[in-house]
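**Student:** The structure file data-v2.txt (compact mmCIF, C-alpha atoms and all ligand atoms) is provided below.
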```txt
# COMPACT_ATOMS: atom_id res chain seq x y z
CA MET H 12 141.25 105.52 -46.18
CA ASN H 13 138.72 107.89 -44.69
CA SER H 14 138.17 107.03 -41.02
CA GLU H 15 136.12 110.11 -40.26
CA PRO H 16 132.70 108.93 -39.06
CA LEU H 17 129.79 110.62 -40.76
CA PRO H 18 127.12 111.00 -38.07
CA LEU H 19 123.66 109.77 -38.97
CA ALA H 20 120.60 111.59 -37.74
CA ALA H 21 119.70 110.59 -34.19
CA ALA H 22 116.26 109.48 -35.34
CA SER H 23 117.74 106.91 -37.71
CA ARG H 24 120.17 105.40 -35.19
CA SER H 25 117.95 102.43 -34.52
CA ALA H 26 116.97 101.89 -38.17
CA ILE H 27 118.77 98.84 -39.54
CA PRO H 28 120.42 99.68 -42.87
CA GLN H 29 119.77 97.35 -45.81
CA VAL H 30 123.10 95.76 -46.72
CA GLY H 31 124.07 92.46 -48.32
CA LEU H 32 127.33 91.93 -46.46
CA ALA H 33 128.50 91.55 -42.85
CA LEU H 34 131.96 91.42 -41.29
CA ILE H 35 132.24 89.83 -37.84
CA THR H 36 135.55 90.65 -36.21
CA GLY H 37 137.18 88.86 -33.31
CA SER H 38 140.51 87.88 -31.79
CA ALA H 39 142.23 88.13 -35.18
CA ASN H 40 141.66 91.89 -35.06
CA TRP H 41 142.55 92.42 -31.38
CA GLY H 42 144.35 95.66 -30.73
CA LEU H 43 143.12 97.25 -33.93
CA ALA H 44 140.32 99.65 -34.67
CA PHE H 45 138.76 97.72 -37.54
CA PRO H 46 138.76 98.85 -40.26
CA GLU H 47 140.06 102.32 -39.34
CA ASP H 48 143.60 101.09 -38.61
CA ILE H 49 143.86 99.06 -41.83
CA GLU H 50 145.18 101.14 -44.67
CA ILE H 51 143.05 100.27 -47.67
CA ASP H 52 141.93 102.98 -50.07
CA GLY H 53 138.24 102.87 -50.78
CA VAL H 54 137.05 101.63 -47.37
CA LYS H 55 135.03 104.20 -45.49
CA VAL H 56 133.42 104.11 -42.04
CA LEU H 57 130.02 105.73 -42.54
CA ASP H 58 129.04 105.41 -38.90
CA ARG H 59 130.17 103.67 -35.72
CA ASP H 60 128.88 102.88 -32.20
CA ILE H 61 125.42 102.15 -33.63
CA SER H 62 122.92 100.31 -31.41
CA PHE H 63 119.93 98.34 -32.66
CA GLU H 64 116.93 97.09 -30.71
CA THR H 65 116.25 93.38 -31.05
CA PRO H 66 113.63 91.04 -29.51
CA TRP H 67 116.33 90.01 -26.96
CA GLY H 68 117.54 93.48 -26.05
CA GLN H 69 119.99 95.92 -27.56
CA SER H 70 122.86 94.99 -29.87
CA ASP H 71 125.65 97.55 -29.60
CA HIS H 72 128.93 98.68 -31.14
CA TRP H 73 128.01 98.24 -34.79
CA LYS H 74 129.80 100.02 -37.61
CA LEU H 75 128.45 100.75 -41.07
CA LEU H 76 131.14 100.47 -43.75
CA GLU H 77 131.24 101.39 -47.41
CA PHE H 78 133.51 99.85 -50.04
CA ASP H 79 133.85 101.96 -53.15
CA GLY H 80 133.51 100.47 -56.61
CA SER H 81 137.28 100.21 -57.13
CA LEU H 82 137.33 97.28 -54.65
CA SER H 83 134.33 95.29 -55.87
CA GLU H 84 134.08 92.85 -58.78
CA SER H 85 131.04 94.67 -60.18
CA GLY H 86 132.55 98.15 -59.97
CA GLN H 87 129.61 99.16 -57.78
CA SER H 88 130.04 100.48 -54.25
CA LYS H 89 128.60 98.37 -51.45
CA ARG H 90 127.92 98.73 -47.77
CA ALA H 91 128.50 96.29 -44.92
CA LEU H 92 127.59 95.99 -41.26
CA CYS H 93 130.52 95.23 -38.95
CA MET H 94 130.50 93.98 -35.36
CA TYR H 95 133.23 92.87 -32.93
CA SER H 96 131.86 89.57 -31.64
CA HIS H 97 134.01 89.11 -28.53
CA GLY H 98 133.20 92.54 -27.19
CA ASN H 99 129.47 92.76 -27.56
CA PRO H 100 128.60 93.53 -24.80
CA ARG H 101 132.02 94.72 -23.65
CA GLU H 102 131.75 94.33 -19.89
CA GLU H 103 130.27 90.85 -19.48
CA ILE H 104 130.39 87.40 -21.04
CA ASP H 105 127.18 86.87 -22.99
CA HIS H 106 127.14 83.92 -25.39
CA SER H 107 123.70 84.92 -26.62
CA CYS H 108 125.10 88.07 -28.23
CA HIS H 109 125.27 86.38 -31.64
CA ARG H 110 121.52 85.77 -31.66
CA ARG H 111 120.89 89.51 -31.32
CA ALA H 112 123.59 90.27 -33.87
CA PHE H 113 122.31 87.85 -36.49
CA TRP H 114 118.73 89.00 -35.95
CA VAL H 115 120.05 92.44 -36.96
CA LEU H 116 121.73 90.87 -40.02
CA LEU H 117 118.49 89.07 -40.94
CA GLN H 118 116.57 92.36 -40.87
CA ALA H 119 119.35 94.00 -42.89
CA GLY H 120 119.00 91.38 -45.64
CA VAL H 121 122.59 90.15 -45.30
CA LYS H 122 123.54 87.34 -47.71
CA ARG H 123 127.30 87.05 -47.05
CA VAL H 124 129.05 86.80 -43.67
CA VAL H 125 132.85 87.04 -43.34
CA SER H 126 134.06 86.15 -39.87
CA CYS H 127 137.57 86.78 -38.46
CA SER H 128 139.18 84.80 -35.64
CA THR H 129 142.31 83.18 -34.31
CA VAL H 130 142.49 79.43 -33.77
CA GLY H 131 144.61 76.77 -32.13
CA ALA H 132 145.87 73.75 -34.07
CA VAL H 133 145.43 70.16 -32.87
CA ASN H 134 146.72 68.83 -36.18
CA LYS H 135 150.52 68.58 -36.15
CA ALA H 136 150.74 69.65 -39.80
CA ILE H 137 149.17 73.04 -39.09
CA GLN H 138 151.70 75.51 -37.73
CA THR H 139 151.37 78.75 -35.79
CA GLY H 140 151.16 81.62 -38.22
CA ASP H 141 149.31 79.55 -40.82
CA MET H 142 146.00 80.82 -42.17
CA VAL H 143 143.14 78.31 -42.17
CA ILE H 144 139.87 78.30 -44.12
CA ASN H 145 138.21 75.24 -42.60
CA ALA H 146 135.48 73.30 -44.41
CA ASP H 147 133.43 72.03 -41.51
CA ILE H 148 132.74 72.49 -37.80
CA ILE H 149 132.02 70.37 -34.74
CA GLU H 150 129.61 71.91 -32.23
CA PHE H 151 127.16 69.50 -30.72
CA THR H 152 124.65 72.01 -29.37
CA GLN H 153 124.39 73.67 -32.83
CA THR H 154 124.12 76.86 -30.74
CA PRO H 155 121.46 77.11 -28.03
CA TYR H 156 120.58 80.54 -29.43
CA SER H 157 118.68 79.64 -32.59
CA LEU H 158 116.90 82.23 -34.72
CA LEU H 159 114.61 79.77 -36.49
CA PRO H 160 110.89 80.49 -35.92
CA GLY H 161 109.99 77.19 -34.30
CA ARG H 162 111.26 73.65 -34.59
CA GLN H 163 109.49 72.52 -37.78
CA ARG H 164 109.19 75.47 -40.14
CA PHE H 165 112.62 75.19 -41.74
CA ASP H 166 115.12 72.48 -42.50
CA ALA H 167 118.55 74.01 -41.83
CA SER H 168 121.21 71.81 -43.43
CA GLY H 169 124.56 71.13 -41.82
CA LYS H 170 126.20 70.49 -45.20
CA GLN H 171 128.52 73.06 -46.77
CA ILE H 172 128.44 75.11 -43.57
CA VAL H 173 131.33 77.10 -45.09
CA CYS H 174 130.56 78.58 -48.51
CA ALA H 175 132.89 76.96 -51.06
CA SER H 176 132.52 79.84 -53.50
CA CYS H 177 133.34 82.52 -50.91
CA ALA H 178 136.19 80.36 -49.57
CA GLU H 179 137.78 80.08 -53.02
CA LEU H 180 137.68 83.84 -53.53
CA LEU H 181 139.06 84.37 -50.02
CA ALA H 182 141.93 81.94 -50.62
CA ASN H 183 142.89 83.73 -53.83
CA VAL H 184 143.07 87.04 -51.97
CA ALA H 185 144.93 85.45 -49.05
CA LYS H 186 147.61 83.88 -51.23
CA ARG H 187 148.54 87.33 -52.52
CA HIS H 188 149.03 88.79 -49.04
CA TRP H 189 149.88 86.04 -46.54
CA PRO H 190 153.61 85.81 -45.63
CA VAL H 191 155.41 83.16 -47.70
CA SER H 192 156.95 81.82 -44.48
CA ASN H 193 153.50 80.53 -43.49
CA ARG H 194 150.86 78.58 -45.38
CA VAL H 195 147.25 79.18 -46.39
CA HIS H 196 145.17 76.05 -45.76
CA THR H 197 142.21 76.14 -48.14
CA ILE H 198 138.72 74.64 -48.01
CA GLN H 199 139.83 71.88 -50.42
CA GLN H 200 141.84 70.35 -47.55
CA GLY H 201 138.59 69.65 -45.71
CA LEU H 202 139.88 70.84 -42.33
CA VAL H 203 137.51 70.76 -39.35
CA ALA H 204 137.13 73.37 -36.61
CA GLY H 205 136.00 72.19 -33.18
CA HIS H 206 134.07 74.90 -31.36
CA THR H 207 133.99 75.62 -27.66
CA TYR H 208 132.77 78.84 -26.10
CA GLY H 209 135.44 80.95 -24.44
CA PRO H 210 136.79 82.91 -22.82
CA ARG H 211 138.66 80.20 -20.91
CA LEU H 212 141.09 78.60 -23.31
CA THR H 213 141.00 74.88 -23.99
CA THR H 214 142.61 72.48 -21.50
CA PRO H 215 145.10 69.88 -22.78
CA ALA H 216 142.48 67.15 -22.23
CA GLU H 217 139.81 69.07 -24.12
CA ALA H 218 142.21 69.74 -26.98
CA MET H 219 143.00 66.03 -27.28
CA ALA H 220 139.28 65.22 -27.14
CA PHE H 221 138.66 67.53 -30.10
CA ARG H 222 141.56 65.95 -31.94
CA ALA H 223 140.14 62.48 -31.30
CA LEU H 224 136.78 63.64 -32.66
CA GLY H 225 138.35 64.73 -35.93
CA ALA H 226 139.03 68.41 -35.37
CA ASP H 227 142.13 70.02 -36.89
CA ILE H 228 141.74 73.39 -35.19
CA ILE H 229 139.85 74.82 -32.21
CA ASN H 230 137.84 78.03 -32.50
CA HIS H 231 135.91 79.90 -29.77
CA SER H 232 133.43 81.79 -31.94
CA ILE H 233 132.79 79.93 -35.18
CA ALA H 234 129.76 77.82 -34.22
CA PRO H 235 127.22 80.56 -33.55
CA GLU H 236 128.54 82.54 -36.51
CA ALA H 237 128.30 79.61 -38.94
CA THR H 238 125.01 78.23 -37.60
CA LEU H 239 123.25 81.58 -37.46
CA SER H 240 124.52 82.44 -40.96
CA ARG H 241 122.79 79.27 -42.15
CA GLU H 242 119.66 80.21 -40.20
CA ILE H 243 119.44 83.62 -41.90
CA GLY H 244 120.09 82.05 -45.31
CA ALA H 245 123.52 83.65 -45.78
CA CYS H 246 126.85 82.35 -47.07
CA PHE H 247 129.45 82.01 -44.31
CA VAL H 248 133.23 82.06 -44.66
CA PRO H 249 135.78 82.11 -41.80
CA VAL H 250 139.09 83.99 -41.98
CA ALA H 251 141.44 82.68 -39.29
CA PHE H 252 145.08 82.21 -38.39
CA VAL H 253 146.82 79.97 -35.87
CA THR H 254 148.17 81.43 -32.61
CA ALA H 255 148.70 78.12 -30.73
CA GLY H 256 150.11 74.86 -32.04
CA TYR H 257 149.72 71.20 -31.11
CA ASN H 258 152.63 71.21 -28.65
CA ASP H 259 151.36 74.41 -27.04
CA TYR H 260 148.14 72.59 -26.10
CA LEU H 261 149.94 69.55 -24.68
CA ASP H 262 152.63 71.26 -22.60
CA ARG H 263 151.18 71.31 -19.06
CA SER H 264 154.42 72.79 -17.68
CA SER H 265 153.69 76.07 -19.44
CA GLY H 266 150.97 78.31 -18.04
CA SER H 267 150.34 80.00 -21.36
CA LEU H 268 148.87 78.61 -24.54
CA LEU H 269 149.21 81.34 -27.14
CA GLN H 270 152.57 81.97 -28.80
CA ASP H 271 153.87 85.48 -28.28
CA GLY H 272 154.19 87.72 -31.27
CA VAL H 273 151.95 85.85 -33.71
CA LEU H 274 148.90 88.05 -33.21
CA PRO H 275 150.62 91.44 -33.62
CA ARG H 276 152.64 90.11 -36.58
CA LEU H 277 149.61 88.92 -38.56
CA SER H 278 146.50 90.79 -37.36
CA ARG H 279 146.87 93.61 -39.90
CA THR H 280 147.46 91.24 -42.79
CA LEU H 281 144.48 89.12 -41.81
CA SER H 282 142.31 92.22 -41.48
CA GLN H 283 143.42 93.45 -44.89
CA ILE H 284 142.57 90.09 -46.46
CA ALA H 285 139.14 90.05 -44.80
CA LEU H 286 138.31 93.53 -46.07
CA GLU H 287 139.57 92.92 -49.59
CA ALA H 288 137.80 89.57 -49.89
CA ALA H 289 134.56 90.94 -48.44
CA ALA H 290 134.59 93.79 -50.93
CA ARG H 291 135.16 91.38 -53.82
CA LEU H 292 132.41 88.88 -52.91
CA PRO H 293 129.86 89.03 -55.74
CA ASP H 294 126.29 90.03 -54.90
CA GLU H 295 125.05 86.82 -56.53
CA ALA H 296 127.41 84.04 -55.48
CA PRO H 297 127.47 80.86 -57.60
CA CYS H 298 126.71 78.61 -54.63
CA ILE H 299 123.84 76.71 -53.04
CA CYS H 300 124.09 78.18 -49.54
CA HIS H 301 120.88 80.16 -49.83
CA ASN H 302 118.89 77.00 -50.56
CA LEU H 303 120.24 75.14 -47.53
CA LYS H 304 117.66 76.75 -45.25
CA ALA H 305 114.55 75.19 -46.73
CA PRO H 306 110.91 75.95 -45.76
CA GLN H 307 108.99 72.88 -44.67
CA PRO H 308 105.43 71.96 -45.76
CA ALA H 309 102.76 73.62 -43.63
CA GLU H 310 101.33 70.28 -42.46
CA ARG H 311 104.54 69.59 -40.53
CA TYR H 312 103.90 72.47 -38.15
CA GLU H 313 100.13 72.95 -38.50
CA ARG H 314 99.09 69.32 -37.88
CA PHE H 315 100.09 67.68 -34.61
ZN ZN T 1 127.54 80.55 -50.54
```
Kindly present the structure from the file in structure tokens form.

**Tutor:**
Amino acid sequence: MNSEPLPLAAASRSAIPQVGLALITGSANWGLAFPEDIEIDGVKVLDRDISFETPWGQSDHWKLLEFDGSLSESGQSKRALCMYSHGNPREEIDHSCHRRAFWVLLQAGVKRVVSCSTVGAVNKAIQTGDMVINADIIEFTQTPYSLLPGRQRFDASGKQIVCASCAELLANVAKRHWPVSNRVHTIQQGLVAGHTYGPRLTTPAEAMAFRALGADIINHSIAPEATLSREIGACFVPVAFVTAGYNDYLDRSSGSLLQDGVLPRLSRTLSQIALEAAARLPDEAPCICHNLKAPQPAERYERF
């Protein structure tokens, strides 16, 4: 892999490249320079530390990646924008960062979003070290940081919030790489991710509340990523593994939640799966995601 950044001209630093694919990294990739530390031939970092101006201020720390044709289904090379969601900005907690980021992806023309994270399990059958591709989410605010241009111009569906087509391709890649000692839970299982903004981790009471509501796992970044993917008309697929189990949430005698060793053991494998799956996603996915943001008739917003 070539990790040598190729500097773009200073004048083009704020120009948003036209790409069809985005990778959002997170806690699953902690401790790694992504994708520089992942050894996959054919993945190149064209540029890094890119900043873009948005209507809500600057969005920083972007990378522009290129996958060569040996990795894609079509045999054609493709480029992707990549952003580390938990560190953007790095020095403060700003839950609105995803609105700026997905505005960038909207301008770029992105149609596929692959999002990496770690999760906790509130379903006893899901073990630490398992990989989970959930089918649905619970997030009652639907993100306060919407990108839709007004309340009535679009109908943004909550159905199929995870792209079934992308999830199937991802699962096929994951089953080739994930350790046999752990499982890959696929979208067919219909698992549900409850979302709550971090960085404070979930209390035992909150975890049990999510479980009672029907969640199988808890995720601290998936709601804005999934919702804003829908709002820009893109497919969304999460790539996640479990770092805390059911008993870890309930044990009030322990001050820590996350199990030691899971993250460093699996972060490279997860990152490799995310890159390989992203590269293989077809440009024209056989799915309905892009029709699930539907324009509304003009009379609904012009007559009042
Ligand atoms: Zn789709």

**Student:** Using all atoms listed in the file, find the one residue out of H:Ser240, H:Thr139, H:Thr214, H:Ser88 that sits nearest to ligand ZN 1 (chain T).

**Tutor:** H:Ser240

**Student:** Kindly give the distance, in Å, that separates atom CA of H:Ile229 and atom CA of H:Arg291, rounded to a single decimal.

**Tutor:**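 So the answer is 27.6 Å.
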
**Student:** Per residue of chain H within 8 Å of ligand ZN 1 (chain T), record the nearest atom pair and its distance in Å to one decimal, counting all atoms listed in the file, with rows in chain order and ascending residue number, as JSON lines.

**Tutor:**
```
{"residue": "H:Arg123", "atom": "CA", "partner": "T:ZN1", "partner_atom": "ZN", "distance": 7.4}
{"residue": "H:Val173", "atom": "CA", "partner": "T:ZN1", "partner_atom": "ZN", "distance": 7.5}
{"residue": "H:Cys174", "atom": "CA", "partner": "T:ZN1", "partner_atom": "ZN", "distance": 4.1}
{"residue": "H:Ala175", "atom": "CA", "partner": "T:ZN1", "partner_atom": "ZN", "distance": 6.5}
{"residue": "H:Ser176", "atom": "CA", "partner": "T:ZN1", "partner_atom": "ZN", "distance": 5.8}
{"residue": "H:Cys177", "atom": "CA", "partner": "T:ZN1", "partner_atom": "ZN", "distance": 6.1}
{"residue": "H:Ala245", "atom": "CA", "partner": "T:ZN1", "partner_atom": "ZN", "distance": 7.0}
{"residue": "H:Cys246", "atom": "CA", "partner": "T:ZN1", "partner_atom": "ZN", "distance": 4.0}
{"residue": "H:Phe247", "atom": "CA", "partner": "T:ZN1", "partner_atom": "ZN", "distance": 6.7}
{"residue": "H:Ala296", "atom": "CA", "partner": "T:ZN1", "partner_atom": "ZN", "distance": 6.0}
{"residue": "H:Pro297", "atom": "CA", "partner": "T:ZN1", "partner_atom": "ZN", "distance": 7.1}
{"residue": "H:Cys298", "atom": "CA", "partner": "T:ZN1", "partner_atom": "ZN", "distance": 4.6}
{"residue": "H:Ile299", "atom": "CA", "partner": "T:ZN1", "partner_atom": "ZN", "distance": 5.9}
{"residue": "H:Cys300", "atom": "CA", "partner": "T:ZN1", "partner_atom": "ZN", "distance": 4.3}
{"residue": "H:His301", "atom": "CA", "partner": "T:ZN1", "partner_atom": "ZN", "distance": 6.7}
```

**Student:** So the first atom is atom CA of H:Ser267 and the second is atom CA of H:Lys135; what is the distance between them in Å, to one decimal place?

**Tutor:**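 Computing it gives 18.7 Å between the two atoms.
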
**Student:** Any idea what's packed within 10 Å of H:Tyr312, counting all atoms listed in the file, ignoring anything in its chain fewer than 2 positions away? Could you give it as a list in words?

**Tutor:** Gly161, Arg162, Gln163, Arg164, Phe165, Gln307, Pro308, Ala309, Glu310, Arg314 and Phe315 of chain H

**Student:** Pick from H:Leu117, H:Leu75, H:Met142, H:Ala216: nearest to H:Lys186, with only C-alpha atoms counted?

**Tutor:**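 Closest to H:Lys186 of all the choices is H:Met142.
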
**Student:** Please compute the atom CA of H:Pro28-atom CA of H:Ser83 distance, one decimal, in Å.

**Tutor:**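 Interatomic distance, atom CA of H:Pro28 to atom CA of H:Ser83: 19.5 Å.
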
**Student:** N, CA and C atoms are what I want for stretch 127-149 of chain H; can you complete it accordingly and write them as a short mmCIF file (atom, residue, chain, number, x, y, z; two decimals), keeping the file's coordinate frame?

**Tutor:**
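Okay, part-v1.cif is ready:
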```cif
data_model
loop_
_atom_site.label_atom_id
_atom_site.label_comp_id
_atom_site.auth_asym_id
_atom_site.auth_seq_id
_atom_site.Cartn_x
_atom_site.Cartn_y
_atom_site.Cartn_z
N CYS H 127 136.13 86.83 -38.76
CA CYS H 127 137.57 86.78 -38.46
C CYS H 127 137.82 86.18 -37.07
N SER H 128 138.82 85.33 -36.95
CA SER H 128 139.18 84.80 -35.64
C SER H 128 140.60 84.27 -35.64
N THR H 129 141.08 83.96 -34.43
CA THR H 129 142.31 83.18 -34.31
C THR H 129 141.92 81.78 -33.85
N VAL H 130 142.78 80.82 -34.11
CA VAL H 130 142.49 79.43 -33.77
C VAL H 130 143.74 78.77 -33.20
N GLY H 131 143.50 77.62 -32.53
CA GLY H 131 144.61 76.77 -32.13
C GLY H 131 144.60 75.53 -33.00
N ALA H 132 145.77 74.94 -33.21
CA ALA H 132 145.87 73.75 -34.07
C ALA H 132 146.05 72.49 -33.23
N VAL H 133 145.23 71.47 -33.49
CA VAL H 133 145.43 70.16 -32.87
C VAL H 133 145.81 69.13 -33.94
N ASN H 134 146.16 69.63 -35.09
CA ASN H 134 146.72 68.83 -36.18
C ASN H 134 148.18 69.24 -36.30
N LYS H 135 149.09 68.26 -36.19
CA LYS H 135 150.52 68.58 -36.15
C LYS H 135 151.01 69.25 -37.43
N ALA H 136 150.29 69.09 -38.53
CA ALA H 136 150.74 69.65 -39.80
C ALA H 136 150.37 71.12 -39.97
N ILE H 137 149.57 71.63 -39.02
CA ILE H 137 149.17 73.04 -39.09
C ILE H 137 150.00 73.82 -38.09
N GLN H 138 150.72 74.80 -38.55
CA GLN H 138 151.70 75.51 -37.73
C GLN H 138 151.18 76.87 -37.28
N THR H 139 151.72 77.38 -36.18
CA THR H 139 151.37 78.75 -35.79
C THR H 139 151.78 79.70 -36.91
N GLY H 140 150.93 80.68 -37.13
CA GLY H 140 151.16 81.62 -38.22
C GLY H 140 150.53 81.20 -39.53
N ASP H 141 150.03 79.97 -39.61
CA ASP H 141 149.31 79.55 -40.82
C ASP H 141 147.91 80.16 -40.82
N MET H 142 147.40 80.40 -42.02
CA MET H 142 146.00 80.82 -42.17
C MET H 142 145.19 79.58 -42.52
N VAL H 143 143.98 79.50 -41.96
CA VAL H 143 143.14 78.31 -42.17
C VAL H 143 141.73 78.73 -42.59
N ILE H 144 141.28 78.18 -43.73
CA ILE H 144 139.87 78.30 -44.12
C ILE H 144 139.30 76.88 -43.99
N ASN H 145 138.70 76.60 -42.84
CA ASN H 145 138.21 75.24 -42.60
C ASN H 145 136.95 74.98 -43.43
N ALA H 146 136.64 73.69 -43.60
CA ALA H 146 135.48 73.30 -44.41
C ALA H 146 134.28 72.91 -43.58
N ASP H 147 134.52 72.59 -42.31
CA ASP H 147 133.43 72.03 -41.51
C ASP H 147 133.65 72.41 -40.04
N ILE H 148 132.63 72.19 -39.23
CA ILE H 148 132.74 72.49 -37.80
C ILE H 148 132.19 71.33 -36.97
N ILE H 149 132.63 71.27 -35.72
CA ILE H 149 132.02 70.37 -34.74
C ILE H 149 131.51 71.23 -33.59
#
```
